[in-house]
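Asker: File protein-v7.txt follows (compact mmCIF, C-alpha atoms):
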```txt
# COMPACT_ATOMS: atom_id res chain seq x y z
CA LEU X 118 0.00 0.00 0.00
CA ARG X 119 2.87 2.37 0.71
CA SER X 120 4.17 1.89 -2.84
CA ALA X 121 0.69 2.46 -4.25
CA ALA X 122 0.31 5.64 -2.21
CA GLU X 123 3.68 6.89 -3.49
CA TYR X 124 2.57 6.14 -7.06
CA VAL X 125 -0.64 8.13 -6.61
CA GLU X 126 1.25 11.01 -5.03
CA SER X 127 3.65 11.06 -8.00
CA LEU X 128 0.67 11.68 -10.31
CA LEU X 129 -0.76 14.58 -8.34
CA PRO X 130 -0.38 18.10 -9.76
CA ASP X 131 2.30 20.57 -8.88
CA ASP X 132 1.28 23.99 -7.63
CA VAL X 133 0.18 26.33 -10.41
CA GLU X 134 1.15 30.01 -10.55
CA ARG X 135 -0.55 32.12 -13.23
CA PRO X 136 -1.04 35.89 -13.54
CA ARG X 137 -4.59 35.88 -12.12
CA LEU X 138 -4.85 32.45 -10.51
CA ARG X 139 -2.93 30.22 -8.10
CA ILE X 140 -3.64 26.54 -7.37
CA THR X 141 -2.18 24.66 -4.42
CA SER X 142 -3.13 21.28 -2.98
CA SER X 143 -2.31 18.77 -0.29
CA PHE X 144 -2.99 15.01 -0.19
CA VAL X 145 -2.51 12.80 2.88
CA PRO X 146 -3.27 9.11 2.19
CA SER X 147 -4.95 7.06 4.88
CA SER X 148 -3.27 3.97 6.29
CA GLU X 149 -5.49 1.82 4.02
CA LEU X 150 -5.22 4.13 0.97
CA GLY X 151 -8.50 5.49 -0.31
CA GLY X 152 -9.80 6.65 -3.66
CA ASP X 153 -8.98 10.38 -3.64
CA PHE X 154 -7.43 12.02 -6.68
CA ILE X 155 -6.98 15.64 -7.78
CA GLY X 156 -5.81 17.23 -10.99
CA SER X 157 -5.35 20.49 -12.86
CA VAL X 158 -5.11 20.99 -16.62
CA ALA X 159 -4.15 24.14 -18.52
CA LEU X 160 -6.56 24.79 -21.40
CA ARG X 161 -6.72 27.27 -24.25
CA ASP X 162 -7.89 30.87 -23.95
CA ASP X 163 -6.62 31.56 -20.41
CA ARG X 164 -8.63 28.74 -18.87
CA VAL X 165 -7.65 26.12 -16.31
CA ALA X 166 -9.57 23.00 -15.28
CA VAL X 167 -9.37 21.49 -11.80
CA PHE X 168 -11.03 18.36 -10.48
CA LEU X 169 -11.34 16.24 -7.37
CA LEU X 170 -12.42 12.57 -7.35
CA ASP X 171 -13.27 10.22 -4.52
CA VAL X 172 -13.88 6.56 -5.36
CA THR X 173 -15.73 4.48 -2.77
CA GLY X 174 -13.80 1.98 -0.72
CA HIS X 175 -10.16 1.60 0.21
CA GLY X 176 -7.12 -0.18 -1.12
CA ILE X 177 -5.33 -0.41 -4.43
CA ALA X 178 -8.50 -1.15 -6.43
CA ALA X 179 -10.16 2.12 -5.36
CA SER X 180 -6.99 4.09 -5.97
CA LEU X 181 -6.39 2.66 -9.46
CA LEU X 182 -10.00 3.32 -10.46
CA ALA X 183 -9.56 6.96 -9.39
CA VAL X 184 -6.43 7.17 -11.55
CA SER X 185 -8.31 5.66 -14.52
CA ILE X 186 -11.18 8.16 -14.17
CA SER X 187 -8.70 11.03 -13.92
CA HIS X 188 -7.05 9.91 -17.17
CA ALA X 189 -10.47 9.88 -18.87
CA ILE X 190 -11.21 13.41 -17.65
CA ARG X 191 -7.86 14.64 -18.96
CA GLU X 192 -8.47 13.06 -22.36
CA HIS X 193 -11.94 14.58 -22.64
CA LEU X 194 -10.56 17.99 -21.73
CA ARG X 195 -8.63 17.88 -25.02
CA GLU X 196 -11.97 18.25 -26.83
CA PRO X 197 -12.88 21.97 -26.92
CA LYS X 198 -16.64 21.41 -26.65
CA LEU X 199 -16.28 19.17 -23.61
CA ALA X 200 -13.71 21.47 -22.00
CA SER X 201 -16.33 24.24 -22.16
CA ASP X 202 -19.08 22.03 -20.70
CA PRO X 203 -18.02 20.11 -17.56
CA GLY X 204 -21.49 18.63 -17.18
CA ARG X 205 -21.38 17.06 -20.62
CA LEU X 206 -17.86 15.83 -19.92
CA LEU X 207 -18.93 14.11 -16.70
CA SER X 208 -21.83 12.52 -18.60
CA ARG X 209 -19.26 10.91 -20.91
CA VAL X 210 -17.18 9.74 -17.97
CA ASN X 211 -20.25 8.35 -16.19
CA ALA X 212 -21.19 6.25 -19.23
CA ALA X 213 -17.68 4.75 -19.36
CA PHE X 214 -17.34 3.85 -15.67
CA ARG X 215 -20.44 1.90 -14.69
CA MET X 216 -20.33 0.60 -11.13
CA GLN X 217 -21.37 -2.89 -12.27
CA ASP X 218 -18.15 -3.04 -14.28
CA ASN X 219 -16.00 -1.90 -11.35
CA ALA X 220 -16.87 -4.19 -8.43
CA ASN X 221 -19.83 -1.93 -7.54
CA ARG X 222 -17.54 1.02 -6.91
CA PHE X 223 -18.72 4.50 -7.81
CA ALA X 224 -17.11 7.92 -7.56
CA THR X 225 -17.99 11.43 -6.53
CA ALA X 226 -16.43 14.21 -8.57
CA TRP X 227 -16.19 17.99 -8.85
CA LEU X 228 -14.90 19.47 -12.09
CA GLY X 229 -14.52 23.19 -12.73
CA VAL X 230 -13.10 25.28 -15.57
CA PHE X 231 -11.79 28.69 -14.52
CA ASP X 232 -11.62 31.59 -16.97
CA GLU X 233 -8.82 33.88 -15.86
CA SER X 234 -10.01 36.82 -17.98
CA THR X 235 -13.49 36.94 -16.39
CA ARG X 236 -12.84 35.11 -13.07
CA GLU X 237 -15.84 32.93 -13.87
CA VAL X 238 -15.93 29.21 -13.09
CA THR X 239 -18.10 26.73 -14.96
CA TYR X 240 -18.49 23.55 -12.96
CA ALA X 241 -20.34 20.28 -12.58
CA CYS X 242 -20.63 18.11 -9.50
CA ALA X 243 -21.32 14.39 -9.35
CA GLY X 244 -22.56 13.54 -5.87
CA ASP X 245 -19.85 15.45 -4.07
CA HIS X 246 -20.27 17.90 -1.20
CA PRO X 247 -20.16 21.61 -2.05
CA ALA X 248 -17.07 23.57 -2.96
CA ILE X 249 -16.49 26.51 -0.61
CA VAL X 250 -15.71 30.05 -1.72
CA VAL X 251 -14.23 32.41 0.86
CA GLY X 252 -13.60 36.06 0.04
CA ASP X 253 -14.14 39.65 1.07
CA ALA X 254 -17.91 39.06 0.96
CA GLY X 255 -17.72 36.11 3.36
CA ARG X 256 -18.28 32.39 2.79
CA ARG X 257 -20.61 30.65 0.36
CA ARG X 258 -21.14 27.23 -1.12
CA LEU X 259 -21.26 26.11 -4.73
CA ASP X 260 -23.69 23.33 -3.90
CA GLU X 261 -25.42 22.23 -7.10
CA SER X 262 -24.90 18.47 -7.51
CA ASP X 263 -26.05 15.43 -9.48
CA LEU X 264 -25.65 11.67 -8.91
CA PRO X 265 -22.22 10.11 -8.34
CA ILE X 266 -20.41 8.68 -11.35
CA GLY X 267 -21.27 5.08 -12.21
CA ILE X 268 -24.63 4.64 -10.48
CA VAL X 269 -27.04 5.34 -13.36
CA ASP X 270 -25.76 4.65 -16.88
CA ASP X 271 -27.55 7.50 -18.66
CA SER X 272 -27.23 10.22 -16.03
CA GLU X 273 -26.97 13.68 -17.55
CA TYR X 274 -24.85 16.19 -15.64
CA VAL X 275 -25.47 19.93 -15.70
CA SER X 276 -22.89 22.70 -15.99
CA VAL X 277 -23.31 25.67 -13.65
CA ARG X 278 -21.64 29.08 -13.91
CA ALA X 279 -20.50 31.07 -10.88
CA GLN X 280 -18.92 34.50 -10.88
CA LEU X 281 -15.91 34.90 -8.61
CA VAL X 282 -14.03 38.08 -7.82
CA GLN X 283 -10.49 39.10 -7.00
CA ASN X 284 -9.19 37.64 -3.70
CA ASP X 285 -11.78 34.85 -3.67
CA ARG X 286 -10.45 31.47 -2.55
CA LEU X 287 -12.25 28.34 -3.73
CA TYR X 288 -11.70 25.09 -1.82
CA LEU X 289 -12.29 21.52 -2.94
CA PHE X 290 -11.83 18.77 -0.38
CA SER X 291 -12.60 15.13 0.25
CA ASP X 292 -14.79 13.82 3.06
CA GLY X 293 -11.71 12.46 4.83
CA VAL X 294 -10.94 15.94 6.17
CA PHE X 295 -14.26 16.48 7.90
CA GLU X 296 -15.30 12.94 8.90
CA VAL X 297 -12.80 13.19 11.75
CA MET X 298 -13.79 12.15 15.27
CA LEU X 299 -13.14 14.82 17.90
CA PRO X 300 -12.33 14.18 21.59
CA SER X 301 -15.93 15.19 22.38
CA GLY X 302 -17.16 12.06 20.60
CA ILE X 303 -18.68 13.85 17.61
CA GLN X 304 -17.35 14.38 14.10
CA LEU X 305 -15.87 17.67 12.98
CA GLY X 306 -18.48 17.62 10.21
CA LEU X 307 -18.86 19.69 7.06
CA HIS X 308 -19.95 22.87 8.87
CA GLY X 309 -17.06 22.62 11.33
CA PHE X 310 -14.57 22.17 8.53
CA GLU X 311 -16.03 25.07 6.55
CA THR X 312 -15.61 27.32 9.59
CA LEU X 313 -12.00 26.18 9.99
CA VAL X 314 -11.29 26.88 6.31
CA GLU X 315 -12.88 30.32 6.49
CA ASP X 316 -10.74 31.22 9.50
CA ALA X 317 -7.64 29.95 7.72
CA ALA X 318 -8.44 31.85 4.52
CA MET X 319 -8.90 35.09 6.43
CA THR X 320 -5.58 34.59 8.25
CA ALA X 321 -3.22 35.61 5.48
CA GLY X 322 -4.16 32.53 3.46
CA THR X 323 -3.04 29.59 5.60
CA PRO X 324 -1.43 26.94 3.31
CA VAL X 325 -3.60 23.92 2.51
CA ASP X 326 -1.18 21.46 4.13
CA ALA X 327 -1.46 23.47 7.36
CA ILE X 328 -5.26 23.20 7.15
CA ILE X 329 -5.02 19.41 6.94
CA GLU X 330 -2.53 19.32 9.81
CA SER X 331 -4.87 21.44 11.94
CA VAL X 332 -7.66 18.92 11.34
CA ARG X 333 -5.38 15.99 12.18
CA ARG X 334 -4.41 17.59 15.50
CA MET X 335 -8.07 18.13 16.36
CA GLY X 336 -8.92 14.45 15.93
CA VAL X 337 -8.52 11.63 18.43
CA ALA X 338 -6.47 9.46 16.03
CA ASP X 339 -2.93 10.08 14.83
CA GLN X 340 -3.84 9.14 11.26
CA PHE X 341 -6.80 9.86 9.02
CA SER X 342 -9.19 6.94 8.54
CA ASP X 343 -9.70 8.04 4.93
CA ASP X 344 -7.62 9.97 2.42
CA ALA X 345 -7.52 13.68 3.28
CA THR X 346 -7.31 16.05 0.33
CA VAL X 347 -7.67 19.84 0.00
CA LEU X 348 -7.24 21.92 -3.15
CA GLU X 349 -7.29 25.72 -3.14
CA VAL X 350 -7.79 28.07 -6.10
CA VAL X 351 -6.95 31.73 -5.42
CA LEU X 352 -8.27 34.40 -7.79
CA ARG X 353 -5.90 37.34 -8.13
```
As structure tokens, what does this structure read like?

Answerer:
Amino acid sequence: LRSAAEYVESLLPDDVERPRLRITSSFVPSSELGGDFIGSVALRDDRVAVFLLDVTGHGIAASLLAVSISHAIREHLREPKLASDPGRLLSRVNAAFRMQDNANRFATAWLGVFDESTREVTYACAGDHPAIVVGDAGRRRLDESDLPIGIVDDSEYVSVRAQLVQNDRLYLFSDGVFEVMLPSGIQLGLHGFETLVEDAAMTAGTPVDAIIESVRRMGVADQFSDDATVLEVVLR
């Protein structure tokens, strides 16, 4: 499993620095290795795509399926029409990765295409929890979502547009960072994690690896029980 985790980590994206956009990320595999995967792809016309996947289950099978889905997303992003329509792209991916062909595993996914010139993001979400945007106007969710990938063969996914502004920070993250048990006996939960992220964002932009470490220290266990992944997109 350690070798598999190192292989997955070797495929994860480097930080991205562009004139009006910065992307950073952090991935901490669980002891059993889960199905998290993140990616970023530079597109034409000052656009950048980012995505986060989470395949159900643990172990090498879940991890390799996440890698396979990520490769499919990257290939589809080469097609201009699909790169402009994340919902249509996820519909293609869904048709190719049926859960009955993958040991009943399915995947949640968030895929967004950022336009640097307008600071607009066009995104689609397949069963994942909301992305969080933190900025001068406070915190909000991008919470439109459809079914996870692989459950229904002919699911059609919808693209949604959201206008961002300078200094906004958008966060994608896997459930491993908020399904953490606290000493009080309750989970940190989505709301608790969102509050932590907002505080971090407003404190001179705390790095994403520091956010994950803060969550780990809050929990009762030394290690995460599931992969913990956070990706941040900063609009300049």

Asker: Can you measure atom CA of X:Leu348 to atom CA of X:Leu207 for me? One decimal in Å is fine.

Answerer: 19.5 Å

Asker: In Å, rounded to a single decimal, give me how far atom CA of X:Phe154 is from atom CA of X:Asp202.

Answerer: 20.8 Å

Asker: Please list, as a PyMOL selection string, the residues that have an atom at most 10 Å away from (-14.9, 2.9, 0.6) in the coordinates of this file, counting all atoms listed in the file.

Answerer: chain X and resi 150-152+171-176+179+222-224+343

Asker: Point out the residue among X:Glu149, X:Asp245, X:Asp344, X:Asp253 with the least atom-to-atom distance to X:Pro265, counting only C-alpha atoms.

Answerer: X:Asp245

Asker: Give as a list in words each residue that has an atom at most 10 Å from (-19.8, 5.7, -16.4) in the file, counting all atoms listed in the file.

Answerer: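 Residues found, by chain and rising number: Ile186, Leu207, Ser208, Arg209, Val210, Asn211, Ala212, Ala213, Phe214, Arg215, Met216, Gln217, Asp218, Asn219, Phe223, Ala224, Pro265, Ile266, Gly267, Ile268, Val269, Asp270, Asp271 and Ser272 of chain X.
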
Asker: With C-alpha atoms retained, write the just-selected residues as a PDB file, in the frame of the given file.

Answerer:
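Contents of the output file part-v1.pdb:
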```pdb
ATOM      1  CA  ILE X 186     -11.180   8.160 -14.170  1.00  0.00           C
ATOM      2  CA  LEU X 207     -18.930  14.110 -16.700  1.00  0.00           C
ATOM      3  CA  SER X 208     -21.830  12.520 -18.600  1.00  0.00           C
ATOM      4  CA  ARG X 209     -19.260  10.910 -20.910  1.00  0.00           C
ATOM      5  CA  VAL X 210     -17.180   9.740 -17.970  1.00  0.00           C
ATOM      6  CA  ASN X 211     -20.250   8.350 -16.190  1.00  0.00           C
ATOM      7  CA  ALA X 212     -21.190   6.250 -19.230  1.00  0.00           C
ATOM      8  CA  ALA X 213     -17.680   4.750 -19.360  1.00  0.00           C
ATOM      9  CA  PHE X 214     -17.340   3.850 -15.670  1.00  0.00           C
ATOM     10  CA  ARG X 215     -20.440   1.900 -14.690  1.00  0.00           C
ATOM     11  CA  MET X 216     -20.330   0.600 -11.130  1.00  0.00           C
ATOM     12  CA  GLN X 217     -21.370  -2.890 -12.270  1.00  0.00           C
ATOM     13  CA  ASP X 218     -18.150  -3.040 -14.280  1.00  0.00           C
ATOM     14  CA  ASN X 219     -16.000  -1.900 -11.350  1.00  0.00           C
ATOM     15  CA  PHE X 223     -18.720   4.500  -7.810  1.00  0.00           C
ATOM     16  CA  ALA X 224     -17.110   7.920  -7.560  1.00  0.00           C
ATOM     17  CA  PRO X 265     -22.220  10.110  -8.340  1.00  0.00           C
ATOM     18  CA  ILE X 266     -20.410   8.680 -11.350  1.00  0.00           C
ATOM     19  CA  GLY X 267     -21.270   5.080 -12.210  1.00  0.00           C
ATOM     20  CA  ILE X 268     -24.630   4.640 -10.480  1.00  0.00           C
ATOM     21  CA  VAL X 269     -27.040   5.340 -13.360  1.00  0.00           C
ATOM     22  CA  ASP X 270     -25.760   4.650 -16.880  1.00  0.00           C
ATOM     23  CA  ASP X 271     -27.550   7.500 -18.660  1.00  0.00           C
ATOM     24  CA  SER X 272     -27.230  10.220 -16.030  1.00  0.00           C
TER      25      SER X 272
END
```

Asker: Could you state the separation of atom CA of X:Pro130 and atom CA of X:Ser142 in Å, given to one decimal place?

Answerer: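 According to the coordinates, atom CA of X:Pro130 and atom CA of X:Ser142 are separated by 8.0 Å.
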
Asker: Between X:Val250, X:Leu289, X:Val145, X:Ala243, which one has atoms that come closest to X:Ile329, using only C-alpha atoms?

Answerer: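 Selected residue with least distance to X:Ile329: X:Val145.
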
Asker: Rank nothing, just name the residue among X:Leu194, X:Ala317, X:Leu169, X:Leu129 nearest to X:Ala248, using only C-alpha atoms.

Answerer: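 Residue with the minimum atom-to-atom distance to X:Ala248: X:Leu169.
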
Asker: List the neighbours of X:Ser262 out to 9 Å using only C-alpha atoms; skip same-chain residues closer than 6 positions along the sequence, and give me the result as a PyMOL selection string.

Answerer: chain X and resi 227+241-247+274-275

Asker: X:Ser276: which residues within 8 Å, counting all atoms listed in the file, same-chain residues fewer than 5 positions away excluded, as number ranges by chain?

Answerer: X: 202-205, 239-241

Asker: Hey, what's within 12 Å of X:Pro300 if we count all atoms listed in the file and toss same-chain stuff fewer than 3 positions away? As a list of chain:residue names, please?

Answerer: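 Skipping anything fewer than 3 positions along the chain leaves X:Val297, X:Ile303, X:Gln304, X:Leu305, X:Arg333, X:Arg334, X:Met335, X:Gly336, X:Val337, X:Ala338.
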
Asker: Between X:Asp163, X:Ile155, X:Ser234, X:Ile140, which is the closest to X:Leu128 once you count all atoms listed in the file?

Answerer: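 Among X:Asp163, X:Ile155, X:Ser234, X:Ile140, it is X:Ile155 that comes nearest to X:Leu128.
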
Asker: Return the single residue from X:Gln283, X:Thr346, X:Ser157, X:Ser201 that is closest to X:Val133, with distances computed using all atoms listed in the file.

Answerer: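 Of the candidates, the smallest distance to X:Val133 is held by X:Ser157.
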
Asker: Using all atoms listed in the file, which residue out of X:Met319, X:Ala200, X:Asp339, X:Ser180 lies closest to X:Leu299?

Answerer: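 Checking each of X:Met319, X:Ala200, X:Asp339, X:Ser180 against X:Leu299, counting all atoms listed in the file, the winner is X:Asp339.
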
Asker: Contacts of X:Leu352 at 9 Å or less, counting all atoms listed in the file, minus same-chain residues fewer than 6 places along, as a list in words?

Answerer: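 In the requested form, the answer reads Arg137, Leu138, Arg139, Glu233, Arg236, Leu281, Val282, Gln283, Asn284, Asp285, Arg286 and Leu287 of chain X.
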
Asker: Can you patch up stretch 132-143 of chain X, filling it in to all heavy atoms, and show the result as a short mmCIF file (atom, residue, chain, number, x, y, z; two decimals), in the frame of the given file?

Answerer:
```cif
data_model
loop_
_atom_site.label_atom_id
_atom_site.label_comp_id
_atom_site.auth_asym_id
_atom_site.auth_seq_id
_atom_site.Cartn_x
_atom_site.Cartn_y
_atom_site.Cartn_z
N ASP X 132 1.96 22.71 -7.81
CA ASP X 132 1.28 23.99 -7.63
C ASP X 132 1.33 24.77 -8.95
O ASP X 132 2.27 24.62 -9.74
CB ASP X 132 1.96 24.81 -6.53
CG ASP X 132 1.76 24.18 -5.15
OD1 ASP X 132 0.93 23.27 -5.03
OD2 ASP X 132 2.46 24.62 -4.22
N VAL X 133 0.29 25.57 -9.17
CA VAL X 133 0.18 26.33 -10.41
C VAL X 133 0.19 27.82 -10.07
O VAL X 133 -0.58 28.28 -9.23
CB VAL X 133 -1.13 25.99 -11.16
CG1 VAL X 133 -1.31 26.89 -12.38
CG2 VAL X 133 -1.13 24.52 -11.56
N GLU X 134 1.07 28.55 -10.72
CA GLU X 134 1.15 30.01 -10.55
C GLU X 134 0.90 30.67 -11.90
O GLU X 134 1.67 30.50 -12.84
CB GLU X 134 2.53 30.41 -10.03
CG GLU X 134 2.82 29.97 -8.60
CD GLU X 134 2.16 30.88 -7.56
OE1 GLU X 134 1.61 31.92 -7.96
OE2 GLU X 134 2.22 30.54 -6.37
N ARG X 135 -0.21 31.41 -12.01
CA ARG X 135 -0.55 32.12 -13.23
C ARG X 135 -0.83 33.58 -12.87
O ARG X 135 -1.01 33.91 -11.69
CB ARG X 135 -1.77 31.47 -13.89
CG ARG X 135 -1.48 30.05 -14.39
CD ARG X 135 -2.75 29.35 -14.82
NE ARG X 135 -3.35 29.95 -15.99
CZ ARG X 135 -3.22 29.50 -17.23
NH1 ARG X 135 -2.47 28.43 -17.48
NH2 ARG X 135 -3.83 30.09 -18.24
N PRO X 136 -0.88 34.47 -13.86
CA PRO X 136 -1.04 35.89 -13.54
C PRO X 136 -2.25 36.21 -12.65
O PRO X 136 -2.15 37.06 -11.76
CB PRO X 136 -1.19 36.54 -14.93
CG PRO X 136 -0.42 35.63 -15.83
CD PRO X 136 -0.66 34.25 -15.30
N ARG X 137 -3.38 35.53 -12.87
CA ARG X 137 -4.59 35.88 -12.12
C ARG X 137 -5.15 34.69 -11.34
O ARG X 137 -6.30 34.74 -10.90
CB ARG X 137 -5.65 36.44 -13.06
CG ARG X 137 -5.19 37.68 -13.81
CD ARG X 137 -6.26 38.26 -14.70
NE ARG X 137 -7.35 38.86 -13.93
CZ ARG X 137 -8.39 39.48 -14.50
NH1 ARG X 137 -8.48 39.55 -15.81
NH2 ARG X 137 -9.33 40.00 -13.75
N LEU X 138 -4.33 33.66 -11.16
CA LEU X 138 -4.85 32.45 -10.51
C LEU X 138 -3.70 31.64 -9.93
O LEU X 138 -2.64 31.51 -10.54
CB LEU X 138 -5.62 31.64 -11.57
CG LEU X 138 -6.30 30.34 -11.19
CD1 LEU X 138 -7.55 30.17 -12.06
CD2 LEU X 138 -5.36 29.16 -11.44
N ARG X 139 -3.92 31.11 -8.73
CA ARG X 139 -2.93 30.22 -8.10
C ARG X 139 -3.64 28.97 -7.59
O ARG X 139 -4.72 29.07 -6.99
CB ARG X 139 -2.22 30.92 -6.94
CG ARG X 139 -1.14 30.05 -6.30
CD ARG X 139 -0.38 30.74 -5.19
NE ARG X 139 -1.15 30.79 -3.95
CZ ARG X 139 -1.54 31.89 -3.35
NH1 ARG X 139 -1.25 33.07 -3.87
NH2 ARG X 139 -2.22 31.85 -2.22
N ILE X 140 -3.06 27.80 -7.83
CA ILE X 140 -3.64 26.54 -7.37
C ILE X 140 -2.62 25.82 -6.51
O ILE X 140 -1.48 25.60 -6.92
CB ILE X 140 -4.02 25.63 -8.56
CG1 ILE X 140 -5.01 26.34 -9.49
CG2 ILE X 140 -4.63 24.32 -8.06
CD1 ILE X 140 -5.25 25.60 -10.80
N THR X 141 -3.02 25.47 -5.30
CA THR X 141 -2.18 24.66 -4.42
C THR X 141 -3.03 23.52 -3.88
O THR X 141 -4.26 23.60 -3.81
CB THR X 141 -1.62 25.47 -3.24
OG1 THR X 141 -2.70 26.05 -2.50
CG2 THR X 141 -0.72 26.59 -3.75
N SER X 142 -2.38 22.44 -3.47
CA SER X 142 -3.13 21.28 -2.98
C SER X 142 -2.29 20.49 -2.00
O SER X 142 -1.06 20.61 -1.95
CB SER X 142 -3.58 20.38 -4.14
OG SER X 142 -2.45 19.90 -4.87
N SER X 143 -2.98 19.65 -1.23
CA SER X 143 -2.31 18.77 -0.29
C SER X 143 -3.10 17.46 -0.21
O SER X 143 -4.33 17.48 -0.16
CB SER X 143 -2.22 19.42 1.09
OG SER X 143 -1.50 18.59 1.99
#
```
